Amino acid sequence: SFATHEGQKLLENFLQMSPEAHDALRKQGVRAPEDHAQDVPLPGPLSELVETTDQHAFEYVPFPCSLRPEQVYERLHAVSDNCYCFESLDANGGERVGRYSYFGLEPEFVLSACNNEFYLDDDQIDIGDLSAFDALNATVEQMRALSETGDNVPDDLRLTGGFVGGMSYEAIQYRESKVHAVTPPKEKTFSYGYYSDGLVYDNQEKRFFYYTRG
């Protein structure tokens, strides 16, 4: 991965195979793409969602719990179809667990799609001429603009809540129309829940913390 120190060195060595091109690229820089997602008019239910969802400053407090992390997830999974657990493996590879494990509780809401049918929780939303992906992206970016969380989340706790979910291979349809990729009925092309709170387990200190963003 180019995100690691070793990966960055590999990339640097590759670029320096042509010193002139490398120097020109450095001088030119990389222009950030324009993102107009914050200006996209959203349909009523999504616009209301952006305006009414509580997004307060990040808070993080000890949470007394004698259960093991896997026991906590087992109990969360028994009462929620949308909980999640992120285990943090050591960056150097292997099976060593990193410092933190992250648990999302019940999401405030879920945004999902089956091809271009867009859903807020279980209700289909008319998104007009927007693609389902553009409706998702605009909602996320407009919520981000109103968030009070800002930069006060520690770097090693960035996986604490917010939008969590995933996309299937068929999501390529939103950007590559020539690729015939269609999600079967009753399945999801993408699904993202918004998590305002959850738990973090510190594998070094062997204790839980509760966090909230709302």
# chains A, B, ... in the order shown; residues from 1 in each chain; ligands from 1

call {"tool": "select_by_dssp", "arguments": {"residues": "stretch 10-121 of chain A", "states": "alpha helix (DSSP H)", "output": "PDB file with all heavy atoms, in the first residue's frame"}}
result
ATOM      1  N   LEU A  10       8.599   3.088  -2.504  1.00  0.00           N
ATOM      2  CA  LEU A  10       8.446   2.430  -3.795  1.00  0.00           C
ATOM      3  C   LEU A  10       7.889   3.391  -4.839  1.00  0.00           C
ATOM      4  O   LEU A  10       8.365   3.437  -5.985  1.00  0.00           O
ATOM      5  CB  LEU A  10       7.527   1.218  -3.672  1.00  0.00           C
ATOM      6  CG  LEU A  10       8.095  -0.015  -2.962  1.00  0.00           C
ATOM      7  CD1 LEU A  10       6.981  -1.041  -2.765  1.00  0.00           C
ATOM      8  CD2 LEU A  10       9.220  -0.630  -3.783  1.00  0.00           C
ATOM      9  N   LEU A  11       6.879   4.170  -4.453  1.00  0.00           N
ATOM     10  CA  LEU A  11       6.284   5.126  -5.378  1.00  0.00           C
ATOM     11  C   LEU A  11       7.294   6.198  -5.764  1.00  0.00           C
ATOM     12  O   LEU A  11       7.411   6.573  -6.940  1.00  0.00           O
ATOM     13  CB  LEU A  11       5.045   5.765  -4.738  1.00  0.00           C
ATOM     14  CG  LEU A  11       4.322   6.828  -5.580  1.00  0.00           C
ATOM     15  CD1 LEU A  11       3.824   6.224  -6.892  1.00  0.00           C
ATOM     16  CD2 LEU A  11       3.160   7.424  -4.802  1.00  0.00           C
ATOM     17  N   GLU A  12       8.036   6.681  -4.782  1.00  0.00           N
ATOM     18  CA  GLU A  12       9.043   7.714  -5.049  1.00  0.00           C
ATOM     19  C   GLU A  12      10.104   7.193  -6.019  1.00  0.00           C
ATOM     20  O   GLU A  12      10.490   7.870  -6.977  1.00  0.00           O
ATOM     21  CB  GLU A  12       9.699   8.149  -3.738  1.00  0.00           C
ATOM     22  CG  GLU A  12      10.642   9.337  -3.848  1.00  0.00           C
ATOM     23  CD  GLU A  12       9.904  10.654  -3.978  1.00  0.00           C
ATOM     24  OE1 GLU A  12       8.684  10.678  -3.768  1.00  0.00           O
ATOM     25  OE2 GLU A  12      10.565  11.649  -4.304  1.00  0.00           O
ATOM     26  N   ASN A  13      10.571   5.983  -5.804  1.00  0.00           N
ATOM     27  CA  ASN A  13      11.578   5.393  -6.700  1.00  0.00           C
ATOM     28  C   ASN A  13      11.027   5.219  -8.112  1.00  0.00           C
ATOM     29  O   ASN A  13      11.731   5.446  -9.101  1.00  0.00           O
ATOM     30  CB  ASN A  13      12.043   4.046  -6.151  1.00  0.00           C
ATOM     31  CG  ASN A  13      12.863   4.193  -4.885  1.00  0.00           C
ATOM     32  OD1 ASN A  13      13.424   5.257  -4.624  1.00  0.00           O
ATOM     33  ND2 ASN A  13      12.912   3.140  -4.089  1.00  0.00           N
ATOM     34  N   PHE A  14       9.762   4.826  -8.221  1.00  0.00           N
ATOM     35  CA  PHE A  14       9.142   4.643  -9.531  1.00  0.00           C
ATOM     36  C   PHE A  14       9.065   5.970 -10.280  1.00  0.00           C
ATOM     37  O   PHE A  14       9.400   6.053 -11.470  1.00  0.00           O
ATOM     38  CB  PHE A  14       7.745   4.039  -9.364  1.00  0.00           C
ATOM     39  CG  PHE A  14       6.969   3.965 -10.647  1.00  0.00           C
ATOM     40  CD1 PHE A  14       7.240   2.983 -11.579  1.00  0.00           C
ATOM     41  CD2 PHE A  14       5.964   4.885 -10.908  1.00  0.00           C
ATOM     42  CE1 PHE A  14       6.534   2.919 -12.770  1.00  0.00           C
ATOM     43  CE2 PHE A  14       5.256   4.827 -12.097  1.00  0.00           C
ATOM     44  CZ  PHE A  14       5.536   3.844 -13.022  1.00  0.00           C
ATOM     45  N   LEU A  15       8.654   7.020  -9.574  1.00  0.00           N
ATOM     46  CA  LEU A  15       8.518   8.318 -10.228  1.00  0.00           C
ATOM     47  C   LEU A  15       9.868   8.883 -10.664  1.00  0.00           C
ATOM     48  O   LEU A  15       9.958   9.599 -11.666  1.00  0.00           O
ATOM     49  CB  LEU A  15       7.815   9.305  -9.284  1.00  0.00           C
ATOM     50  CG  LEU A  15       6.351   8.999  -8.964  1.00  0.00           C
ATOM     51  CD1 LEU A  15       5.823   9.952  -7.902  1.00  0.00           C
ATOM     52  CD2 LEU A  15       5.505   9.103 -10.229  1.00  0.00           C
ATOM     53  N   PRO A  19      13.493  11.558 -14.130  1.00  0.00           N
ATOM     54  CA  PRO A  19      13.679  12.744 -13.274  1.00  0.00           C
ATOM     55  C   PRO A  19      13.005  13.992 -13.824  1.00  0.00           C
ATOM     56  O   PRO A  19      12.436  14.785 -13.061  1.00  0.00           O
ATOM     57  CB  PRO A  19      15.202  12.910 -13.234  1.00  0.00           C
ATOM     58  CG  PRO A  19      15.736  11.539 -13.521  1.00  0.00           C
ATOM     59  CD  PRO A  19      14.767  10.937 -14.483  1.00  0.00           C
ATOM     60  N   GLU A  20      13.039  14.199 -15.144  1.00  0.00           N
ATOM     61  CA  GLU A  20      12.442  15.407 -15.713  1.00  0.00           C
ATOM     62  C   GLU A  20      10.927  15.419 -15.509  1.00  0.00           C
ATOM     63  O   GLU A  20      10.349  16.421 -15.091  1.00  0.00           O
ATOM     64  CB  GLU A  20      12.761  15.509 -17.215  1.00  0.00           C
ATOM     65  CG  GLU A  20      14.232  15.667 -17.542  1.00  0.00           C
ATOM     66  CD  GLU A  20      14.981  14.354 -17.519  1.00  0.00           C
ATOM     67  OE1 GLU A  20      14.321  13.287 -17.376  1.00  0.00           O
ATOM     68  OE2 GLU A  20      16.222  14.382 -17.635  1.00  0.00           O
ATOM     69  N   ALA A  21      10.288  14.259 -15.791  1.00  0.00           N
ATOM     70  CA  ALA A  21       8.835  14.167 -15.613  1.00  0.00           C
ATOM     71  C   ALA A  21       8.462  14.283 -14.137  1.00  0.00           C
ATOM     72  O   ALA A  21       7.461  14.909 -13.775  1.00  0.00           O
ATOM     73  CB  ALA A  21       8.317  12.851 -16.190  1.00  0.00           C
ATOM     74  N   HIS A  22       9.299  13.679 -13.275  1.00  0.00           N
ATOM     75  CA  HIS A  22       9.037  13.748 -11.838  1.00  0.00           C
ATOM     76  C   HIS A  22       9.105  15.187 -11.349  1.00  0.00           C
ATOM     77  O   HIS A  22       8.248  15.656 -10.592  1.00  0.00           O
ATOM     78  CB  HIS A  22      10.063  12.883 -11.105  1.00  0.00           C
ATOM     79  CG  HIS A  22       9.838  12.814  -9.619  1.00  0.00           C
ATOM     80  ND1 HIS A  22      10.855  12.864  -8.709  1.00  0.00           N
ATOM     81  CD2 HIS A  22       8.689  12.727  -8.892  1.00  0.00           C
ATOM     82  CE1 HIS A  22      10.371  12.790  -7.490  1.00  0.00           C
ATOM     83  NE2 HIS A  22       9.057  12.705  -7.572  1.00  0.00           N
ATOM     84  N   ASP A  23      10.128  15.935 -11.792  1.00  0.00           N
ATOM     85  CA  ASP A  23      10.288  17.325 -11.366  1.00  0.00           C
ATOM     86  C   ASP A  23       9.141  18.182 -11.881  1.00  0.00           C
ATOM     87  O   ASP A  23       8.616  19.042 -11.161  1.00  0.00           O
ATOM     88  CB  ASP A  23      11.639  17.858 -11.861  1.00  0.00           C
ATOM     89  CG  ASP A  23      11.919  19.256 -11.342  1.00  0.00           C
ATOM     90  OD1 ASP A  23      11.948  19.436 -10.099  1.00  0.00           O
ATOM     91  OD2 ASP A  23      12.095  20.172 -12.165  1.00  0.00           O
ATOM     92  N   ALA A  24       8.738  17.933 -13.141  1.00  0.00           N
ATOM     93  CA  ALA A  24       7.632  18.714 -13.709  1.00  0.00           C
ATOM     94  C   ALA A  24       6.338  18.449 -12.952  1.00  0.00           C
ATOM     95  O   ALA A  24       5.544  19.365 -12.705  1.00  0.00           O
ATOM     96  CB  ALA A  24       7.468  18.359 -15.186  1.00  0.00           C
ATOM     97  N   LEU A  25       6.117  17.177 -12.565  1.00  0.00           N
ATOM     98  CA  LEU A  25       4.907  16.830 -11.819  1.00  0.00           C
ATOM     99  C   LEU A  25       4.895  17.495 -10.454  1.00  0.00           C
ATOM    100  O   LEU A  25       3.866  17.986  -9.996  1.00  0.00           O
ATOM    101  CB  LEU A  25       4.810  15.306 -11.669  1.00  0.00           C
ATOM    102  CG  LEU A  25       3.550  14.763 -10.991  1.00  0.00           C
ATOM    103  CD1 LEU A  25       2.309  15.132 -11.799  1.00  0.00           C
ATOM    104  CD2 LEU A  25       3.630  13.258 -10.829  1.00  0.00           C
ATOM    105  N   ARG A  26       6.064  17.524  -9.799  1.00  0.00           N
ATOM    106  CA  ARG A  26       6.141  18.178  -8.487  1.00  0.00           C
ATOM    107  C   ARG A  26       5.830  19.666  -8.593  1.00  0.00           C
ATOM    108  O   ARG A  26       5.140  20.236  -7.745  1.00  0.00           O
ATOM    109  CB  ARG A  26       7.535  17.986  -7.887  1.00  0.00           C
ATOM    110  CG  ARG A  26       7.750  16.613  -7.253  1.00  0.00           C
ATOM    111  CD  ARG A  26       9.066  16.603  -6.483  1.00  0.00           C
ATOM    112  NE  ARG A  26       9.264  15.362  -5.779  1.00  0.00           N
ATOM    113  CZ  ARG A  26       8.730  15.080  -4.587  1.00  0.00           C
ATOM    114  NH1 ARG A  26       7.951  15.976  -3.995  1.00  0.00           N
ATOM    115  NH2 ARG A  26       8.955  13.929  -3.997  1.00  0.00           N
ATOM    116  N   LYS A  27       6.345  20.321  -9.624  1.00  0.00           N
ATOM    117  CA  LYS A  27       6.103  21.764  -9.797  1.00  0.00           C
ATOM    118  C   LYS A  27       4.644  22.035 -10.142  1.00  0.00           C
ATOM    119  O   LYS A  27       4.067  23.024  -9.709  1.00  0.00           O
ATOM    120  CB  LYS A  27       7.008  22.303 -10.893  1.00  0.00           C
ATOM    121  CG  LYS A  27       8.487  22.336 -10.511  1.00  0.00           C
ATOM    122  CD  LYS A  27       9.348  22.862 -11.648  1.00  0.00           C
ATOM    123  CE  LYS A  27      10.820  22.904 -11.240  1.00  0.00           C
ATOM    124  NZ  LYS A  27      11.698  23.386 -12.351  1.00  0.00           N
ATOM    125  N   GLN A  28       4.064  21.150 -10.953  1.00  0.00           N
ATOM    126  CA  GLN A  28       2.673  21.332 -11.353  1.00  0.00           C
ATOM    127  C   GLN A  28       1.726  21.106 -10.188  1.00  0.00           C
ATOM    128  O   GLN A  28       0.734  21.819 -10.026  1.00  0.00           O
ATOM    129  CB  GLN A  28       2.353  20.363 -12.488  1.00  0.00           C
ATOM    130  CG  GLN A  28       0.889  20.319 -12.886  1.00  0.00           C
ATOM    131  CD  GLN A  28       0.628  19.254 -13.931  1.00  0.00           C
ATOM    132  OE1 GLN A  28       1.451  19.018 -14.810  1.00  0.00           O
ATOM    133  NE2 GLN A  28      -0.504  18.586 -13.815  1.00  0.00           N
ATOM    134  N   GLY A  44     -36.991  16.370  -0.703  1.00  0.00           N
ATOM    135  CA  GLY A  44     -37.452  16.769   0.618  1.00  0.00           C
ATOM    136  C   GLY A  44     -37.002  15.906   1.775  1.00  0.00           C
ATOM    137  O   GLY A  44     -36.421  16.423   2.753  1.00  0.00           O
ATOM    138  N   PRO A  45     -37.211  14.592   1.747  1.00  0.00           N
ATOM    139  CA  PRO A  45     -36.834  13.754   2.894  1.00  0.00           C
ATOM    140  C   PRO A  45     -35.338  13.796   3.199  1.00  0.00           C
ATOM    141  O   PRO A  45     -34.946  13.780   4.364  1.00  0.00           O
ATOM    142  CB  PRO A  45     -37.267  12.354   2.463  1.00  0.00           C
ATOM    143  CG  PRO A  45     -38.352  12.580   1.462  1.00  0.00           C
ATOM    144  CD  PRO A  45     -37.955  13.823   0.730  1.00  0.00           C
ATOM    145  N   LEU A  46     -34.499  13.865   2.166  1.00  0.00           N
ATOM    146  CA  LEU A  46     -33.053  13.908   2.399  1.00  0.00           C
ATOM    147  C   LEU A  46     -32.625  15.290   2.891  1.00  0.00           C
ATOM    148  O   LEU A  46     -31.744  15.402   3.749  1.00  0.00           O
ATOM    149  CB  LEU A  46     -32.299  13.538   1.126  1.00  0.00           C
ATOM    150  CG  LEU A  46     -32.529  12.117   0.608  1.00  0.00           C
ATOM    151  CD1 LEU A  46     -31.685  11.858  -0.637  1.00  0.00           C
ATOM    152  CD2 LEU A  46     -32.206  11.089   1.684  1.00  0.00           C
ATOM    153  N   SER A  47     -33.243  16.336   2.353  1.00  0.00           N
ATOM    154  CA  SER A  47     -32.942  17.686   2.824  1.00  0.00           C
ATOM    155  C   SER A  47     -33.311  17.843   4.294  1.00  0.00           C
ATOM    156  O   SER A  47     -32.559  18.421   5.098  1.00  0.00           O
ATOM    157  CB  SER A  47     -33.694  18.714   1.972  1.00  0.00           C
ATOM    158  OG  SER A  47     -33.429  20.024   2.420  1.00  0.00           O
ATOM    159  N   GLU A  48     -34.461  17.306   4.677  1.00  0.00           N
ATOM    160  CA  GLU A  48     -34.888  17.352   6.080  1.00  0.00           C
ATOM    161  C   GLU A  48     -33.934  16.556   6.965  1.00  0.00           C
ATOM    162  O   GLU A  48     -33.615  16.965   8.087  1.00  0.00           O
ATOM    163  CB  GLU A  48     -36.304  16.802   6.200  1.00  0.00           C
ATOM    164  CG  GLU A  48     -36.868  16.853   7.613  1.00  0.00           C
ATOM    165  CD  GLU A  48     -38.285  16.324   7.689  1.00  0.00           C
ATOM    166  OE1 GLU A  48     -38.873  16.030   6.634  1.00  0.00           O
ATOM    167  OE2 GLU A  48     -38.807  16.197   8.816  1.00  0.00           O
ATOM    168  N   LEU A  49     -33.459  15.441   6.440  1.00  0.00           N
ATOM    169  CA  LEU A  49     -32.512  14.607   7.178  1.00  0.00           C
ATOM    170  C   LEU A  49     -31.238  15.392   7.492  1.00  0.00           C
ATOM    171  O   LEU A  49     -30.725  15.369   8.616  1.00  0.00           O
ATOM    172  CB  LEU A  49     -32.174  13.374   6.337  1.00  0.00           C
ATOM    173  CG  LEU A  49     -31.436  12.226   7.011  1.00  0.00           C
ATOM    174  CD1 LEU A  49     -32.370  11.520   7.984  1.00  0.00           C
ATOM    175  CD2 LEU A  49     -30.938  11.248   5.957  1.00  0.00           C
ATOM    176  N   VAL A  50     -30.721  16.089   6.492  1.00  0.00           N
ATOM    177  CA  VAL A  50     -29.501  16.886   6.669  1.00  0.00           C
ATOM    178  C   VAL A  50     -29.702  17.952   7.740  1.00  0.00           C
ATOM    179  O   VAL A  50     -28.835  18.184   8.597  1.00  0.00           O
ATOM    180  CB  VAL A  50     -29.092  17.535   5.336  1.00  0.00           C
ATOM    181  CG1 VAL A  50     -27.982  18.560   5.556  1.00  0.00           C
ATOM    182  CG2 VAL A  50     -28.651  16.480   4.335  1.00  0.00           C
ATOM    183  N   GLU A  51     -30.861  18.597   7.725  1.00  0.00           N
ATOM    184  CA  GLU A  51     -31.108  19.724   8.616  1.00  0.00           C
ATOM    185  C   GLU A  51     -31.417  19.295  10.052  1.00  0.00           C
ATOM    186  O   GLU A  51     -31.158  20.043  10.993  1.00  0.00           O
ATOM    187  CB  GLU A  51     -32.272  20.563   8.075  1.00  0.00           C
ATOM    188  CG  GLU A  51     -31.958  21.234   6.737  1.00  0.00           C
ATOM    189  CD  GLU A  51     -33.172  21.914   6.144  1.00  0.00           C
ATOM    190  OE1 GLU A  51     -34.256  21.842   6.788  1.00  0.00           O
ATOM    191  OE2 GLU A  51     -33.055  22.502   5.060  1.00  0.00           O
ATOM    192  N   THR A  52     -31.963  18.104  10.234  1.00  0.00           N
ATOM    193  CA  THR A  52     -32.441  17.719  11.570  1.00  0.00           C
ATOM    194  C   THR A  52     -31.553  16.720  12.306  1.00  0.00           C
ATOM    195  O   THR A  52     -31.754  16.505  13.501  1.00  0.00           O
ATOM    196  CB  THR A  52     -33.861  17.117  11.470  1.00  0.00           C
ATOM    197  OG1 THR A  52     -33.833  15.962  10.622  1.00  0.00           O
ATOM    198  CG2 THR A  52     -34.836  18.142  10.901  1.00  0.00           C
ATOM    199  N   PRO A  69     -14.346  -8.304  23.933  1.00  0.00           N
ATOM    200  CA  PRO A  69     -14.864  -7.645  22.724  1.00  0.00           C
ATOM    201  C   PRO A  69     -15.779  -8.539  21.899  1.00  0.00           C
ATOM    202  O   PRO A  69     -16.819  -8.085  21.414  1.00  0.00           O
ATOM    203  CB  PRO A  69     -13.585  -7.287  21.960  1.00  0.00           C
ATOM    204  CG  PRO A  69     -12.553  -7.126  23.007  1.00  0.00           C
ATOM    205  CD  PRO A  69     -12.892  -8.133  24.058  1.00  0.00           C
ATOM    206  N   GLU A  70     -15.418  -9.822  21.729  1.00  0.00           N
ATOM    207  CA  GLU A  70     -16.255 -10.696  20.922  1.00  0.00           C
ATOM    208  C   GLU A  70     -17.616 -10.945  21.578  1.00  0.00           C
ATOM    209  O   GLU A  70     -18.627 -11.144  20.903  1.00  0.00           O
ATOM    210  CB  GLU A  70     -15.553 -12.024  20.640  1.00  0.00           C
ATOM    211  CG  GLU A  70     -15.206 -12.848  21.863  1.00  0.00           C
ATOM    212  CD  GLU A  70     -13.842 -12.531  22.441  1.00  0.00           C
ATOM    213  OE1 GLU A  70     -13.330 -11.411  22.188  1.00  0.00           O
ATOM    214  OE2 GLU A  70     -13.287 -13.410  23.119  1.00  0.00           O
ATOM    215  N   GLN A  71     -17.663 -10.907  22.917  1.00  0.00           N
ATOM    216  CA  GLN A  71     -18.939 -11.065  23.621  1.00  0.00           C
ATOM    217  C   GLN A  71     -19.813  -9.834  23.427  1.00  0.00           C
ATOM    218  O   GLN A  71     -21.035  -9.934  23.297  1.00  0.00           O
ATOM    219  CB  GLN A  71     -18.686 -11.316  25.111  1.00  0.00           C
ATOM    220  CG  GLN A  71     -18.033 -12.654  25.415  1.00  0.00           C
ATOM    221  CD  GLN A  71     -17.724 -12.820  26.895  1.00  0.00           C
ATOM    222  OE1 GLN A  71     -17.138 -11.921  27.524  1.00  0.00           O
ATOM    223  NE2 GLN A  71     -18.112 -13.957  27.452  1.00  0.00           N
ATOM    224  N   VAL A  72     -19.177  -8.673  23.416  1.00  0.00           N
ATOM    225  CA  VAL A  72     -19.922  -7.432  23.195  1.00  0.00           C
ATOM    226  C   VAL A  72     -20.559  -7.447  21.807  1.00  0.00           C
ATOM    227  O   VAL A  72     -21.745  -7.151  21.634  1.00  0.00           O
ATOM    228  CB  VAL A  72     -18.998  -6.203  23.353  1.00  0.00           C
ATOM    229  CG1 VAL A  72     -19.675  -4.941  22.825  1.00  0.00           C
ATOM    230  CG2 VAL A  72     -18.611  -6.033  24.818  1.00  0.00           C
ATOM    231  N   TYR A  73     -19.759  -7.825  20.798  1.00  0.00           N
ATOM    232  CA  TYR A  73     -20.305  -7.842  19.436  1.00  0.00           C
ATOM    233  C   TYR A  73     -21.423  -8.873  19.307  1.00  0.00           C
ATOM    234  O   TYR A  73     -22.425  -8.627  18.636  1.00  0.00           O
ATOM    235  CB  TYR A  73     -19.208  -8.137  18.425  1.00  0.00           C
ATOM    236  CG  TYR A  73     -19.728  -8.135  17.010  1.00  0.00           C
ATOM    237  CD1 TYR A  73     -20.162  -6.945  16.420  1.00  0.00           C
ATOM    238  CD2 TYR A  73     -19.834  -9.313  16.278  1.00  0.00           C
ATOM    239  CE1 TYR A  73     -20.666  -6.931  15.137  1.00  0.00           C
ATOM    240  CE2 TYR A  73     -20.347  -9.302  14.994  1.00  0.00           C
ATOM    241  CZ  TYR A  73     -20.761  -8.109  14.428  1.00  0.00           C
ATOM    242  OH  TYR A  73     -21.272  -8.100  13.160  1.00  0.00           O
ATOM    243  N   GLU A  74     -21.264 -10.011  19.955  1.00  0.00           N
ATOM    244  CA  GLU A  74     -22.297 -11.035  19.905  1.00  0.00           C
ATOM    245  C   GLU A  74     -23.618 -10.503  20.438  1.00  0.00           C
ATOM    246  O   GLU A  74     -24.693 -10.757  19.862  1.00  0.00           O
ATOM    247  CB  GLU A  74     -21.850 -12.253  20.713  1.00  0.00           C
ATOM    248  CG  GLU A  74     -22.839 -13.402  20.684  1.00  0.00           C
ATOM    249  CD  GLU A  74     -22.369 -14.600  21.499  1.00  0.00           C
ATOM    250  OE1 GLU A  74     -21.320 -14.489  22.183  1.00  0.00           O
ATOM    251  OE2 GLU A  74     -23.047 -15.646  21.461  1.00  0.00           O
ATOM    252  N   ARG A  75     -23.568  -9.735  21.515  1.00  0.00           N
ATOM    253  CA  ARG A  75     -24.800  -9.197  22.111  1.00  0.00           C
ATOM    254  C   ARG A  75     -25.375  -8.064  21.254  1.00  0.00           C
ATOM    255  O   ARG A  75     -26.600  -7.942  21.128  1.00  0.00           O
ATOM    256  CB  ARG A  75     -24.514  -8.727  23.528  1.00  0.00           C
ATOM    257  CG  ARG A  75     -24.106  -9.878  24.438  1.00  0.00           C
ATOM    258  CD  ARG A  75     -24.067  -9.513  25.891  1.00  0.00           C
ATOM    259  NE  ARG A  75     -23.632 -10.646  26.695  1.00  0.00           N
ATOM    260  CZ  ARG A  75     -23.751 -10.712  28.018  1.00  0.00           C
ATOM    261  NH1 ARG A  75     -24.277  -9.699  28.685  1.00  0.00           N
ATOM    262  NH2 ARG A  75     -23.340 -11.776  28.681  1.00  0.00           N
ATOM    263  N   LEU A  76     -24.495  -7.241  20.683  1.00  0.00           N
ATOM    264  CA  LEU A  76     -24.977  -6.175  19.801  1.00  0.00           C
ATOM    265  C   LEU A  76     -25.658  -6.767  18.569  1.00  0.00           C
ATOM    266  O   LEU A  76     -26.717  -6.307  18.147  1.00  0.00           O
ATOM    267  CB  LEU A  76     -23.819  -5.273  19.368  1.00  0.00           C
ATOM    268  CG  LEU A  76     -23.193  -4.390  20.441  1.00  0.00           C
ATOM    269  CD1 LEU A  76     -21.996  -3.634  19.853  1.00  0.00           C
ATOM    270  CD2 LEU A  76     -24.212  -3.396  20.982  1.00  0.00           C
ATOM    271  N   HIS A  77     -25.051  -7.795  18.008  1.00  0.00           N
ATOM    272  CA  HIS A  77     -25.579  -8.413  16.793  1.00  0.00           C
ATOM    273  C   HIS A  77     -26.923  -9.071  17.050  1.00  0.00           C
ATOM    274  O   HIS A  77     -27.770  -9.163  16.139  1.00  0.00           O
ATOM    275  CB  HIS A  77     -24.579  -9.449  16.262  1.00  0.00           C
ATOM    276  CG  HIS A  77     -24.896  -9.951  14.900  1.00  0.00           C
ATOM    277  ND1 HIS A  77     -25.668 -11.074  14.676  1.00  0.00           N
ATOM    278  CD2 HIS A  77     -24.571  -9.469  13.678  1.00  0.00           C
ATOM    279  CE1 HIS A  77     -25.790 -11.272  13.381  1.00  0.00           C
ATOM    280  NE2 HIS A  77     -25.142 -10.312  12.746  1.00  0.00           N
ATOM    281  N   ALA A  78     -27.146  -9.505  18.269  1.00  0.00           N
ATOM    282  CA  ALA A  78     -28.405 -10.169  18.599  1.00  0.00           C
ATOM    283  C   ALA A  78     -29.581  -9.200  18.620  1.00  0.00           C
ATOM    284  O   ALA A  78     -30.734  -9.612  18.466  1.00  0.00           O
ATOM    285  CB  ALA A  78     -28.291 -10.861  19.958  1.00  0.00           C
ATOM    286  N   VAL A  79     -29.309  -7.904  18.784  1.00  0.00           N
ATOM    287  CA  VAL A  79     -30.395  -6.929  18.895  1.00  0.00           C
ATOM    288  C   VAL A  79     -30.407  -5.914  17.758  1.00  0.00           C
ATOM    289  O   VAL A  79     -31.270  -5.038  17.715  1.00  0.00           O
ATOM    290  CB  VAL A  79     -30.334  -6.178  20.250  1.00  0.00           C
ATOM    291  CG1 VAL A  79     -30.527  -7.148  21.399  1.00  0.00           C
ATOM    292  CG2 VAL A  79     -29.016  -5.426  20.406  1.00  0.00           C
TER     293      VAL A  79
END

call {"tool": "residues_around", "arguments": {"residues": "A:Arg144", "least_positions_apart": "6", "cutoff": "10 Å", "atoms": "only C-alpha atoms", "output": "compact mmCIF listing (two decimals) with N, CA, C and O atoms, in the first residue's frame"}}
result
# COMPACT_ATOMS: atom_id res chain seq x y z
N GLN A 38 -22.23 19.89 -2.37
CA GLN A 38 -22.93 20.72 -1.39
C GLN A 38 -23.98 21.62 -2.04
O GLN A 38 -24.84 22.17 -1.35
N VAL A 50 -30.72 16.09 6.49
CA VAL A 50 -29.50 16.89 6.67
C VAL A 50 -29.70 17.95 7.74
O VAL A 50 -28.84 18.18 8.60
N GLN A 55 -25.52 16.56 15.10
CA GLN A 55 -24.11 16.27 14.89
C GLN A 55 -23.31 17.17 15.82
O GLN A 55 -22.91 18.27 15.46
N ALA A 138 -24.19 13.64 -2.14
CA ALA A 138 -24.64 14.98 -1.77
C ALA A 138 -25.13 15.02 -0.33
O ALA A 138 -24.87 15.98 0.41
N GLY A 150 -15.85 18.52 13.48
CA GLY A 150 -14.62 19.19 13.06
C GLY A 150 -13.41 18.28 13.13
O GLY A 150 -13.47 17.10 12.82
N GLY A 162 -20.07 7.99 12.29
CA GLY A 162 -20.29 8.64 11.01
C GLY A 162 -20.95 7.65 10.06
O GLY A 162 -21.67 6.74 10.48

call {"tool": "select_by_dssp", "arguments": {"residues": "stretch 1-162 of chain A", "states": "strand (DSSP E)", "output": "PyMOL selection string"}}
result
chain A and resi 59-63+84-89+97-104+109-114+117-120+123-125+162

call {"tool": "atom_distance", "arguments": {"atom1": "atom CA of A:Gln8", "atom2": "atom CA of A:Gly166"}}
result
26.8 Å

call {"tool": "atom_distance", "arguments": {"atom1": "atom CA of A:Ser147", "atom2": "atom CA of A:Asp54"}}
result
8.4 Å

call {"tool": "closest_atom_pairs", "arguments": {"of": "stretch 173-205 of chain A", "to": "stretch 125-134 of chain A", "cutoff": "12 Å", "atoms": "only C-alpha atoms", "output": "JSON lines"}}
result
{"residue": "A:Gln173", "atom": "CA", "partner": "A:Phe133", "partner_atom": "CA", "distance": 9.6}
{"residue": "A:Tyr174", "atom": "CA", "partner": "A:Phe133", "partner_atom": "CA", "distance": 6.4}
{"residue": "A:Arg175", "atom": "CA", "partner": "A:Phe133", "partner_atom": "CA", "distance": 9.0}
{"residue": "A:Ser177", "atom": "CA", "partner": "A:Ser131", "partner_atom": "CA", "distance": 11.6}
{"residue": "A:Lys188", "atom": "CA", "partner": "A:Ala132", "partner_atom": "CA", "distance": 11.5}
{"residue": "A:Thr189", "atom": "CA", "partner": "A:Ala132", "partner_atom": "CA", "distance": 9.4}
{"residue": "A:Phe190", "atom": "CA", "partner": "A:Phe133", "partner_atom": "CA", "distance": 8.6}
{"residue": "A:Ser191", "atom": "CA", "partner": "A:Phe133", "partner_atom": "CA", "distance": 10.6}
{"residue": "A:Tyr192", "atom": "CA", "partner": "A:Phe133", "partner_atom": "CA", "distance": 11.4}

call {"tool": "atom_distance", "arguments": {"atom1": "atom CA of A:Leu159", "atom2": "atom CA of A:Asp122"}}
result
25.6 Å

call {"tool": "closest_residue", "arguments": {"among": "A:Phe208, A:Tyr84, A:Phe103, A:Tyr194", "to": "A:Val61", "atoms": "only C-alpha atoms"}}
result
A:Phe208

call {"tool": "closest_residue", "arguments": {"among": "A:Arg213, A:Val200, A:Ser66, A:Ser112", "to": "A:Ser168", "atoms": "only C-alpha atoms"}}
result
A:Ser112

call {"tool": "residues_around", "arguments": {"residues": "A:Gly161", "least_positions_apart": "2", "cutoff": "7 Å", "atoms": "only C-alpha atoms", "output": "VMD selection string"}}
result
chain A and resid 104 159 163 to 164 195 to 198

call {"tool": "closest_residue", "arguments": {"among": "A:Pro64, A:Pro43, A:Phe58, A:Glu117", "to": "A:Pro154", "atoms": "only C-alpha atoms"}}
result
A:Phe58

call {"tool": "closest_residue", "arguments": {"among": "A:Ser101, A:Lys186, A:Glu148, A:Pro107", "to": "A:Cys85", "atoms": "only C-alpha atoms"}}
result
A:Ser101
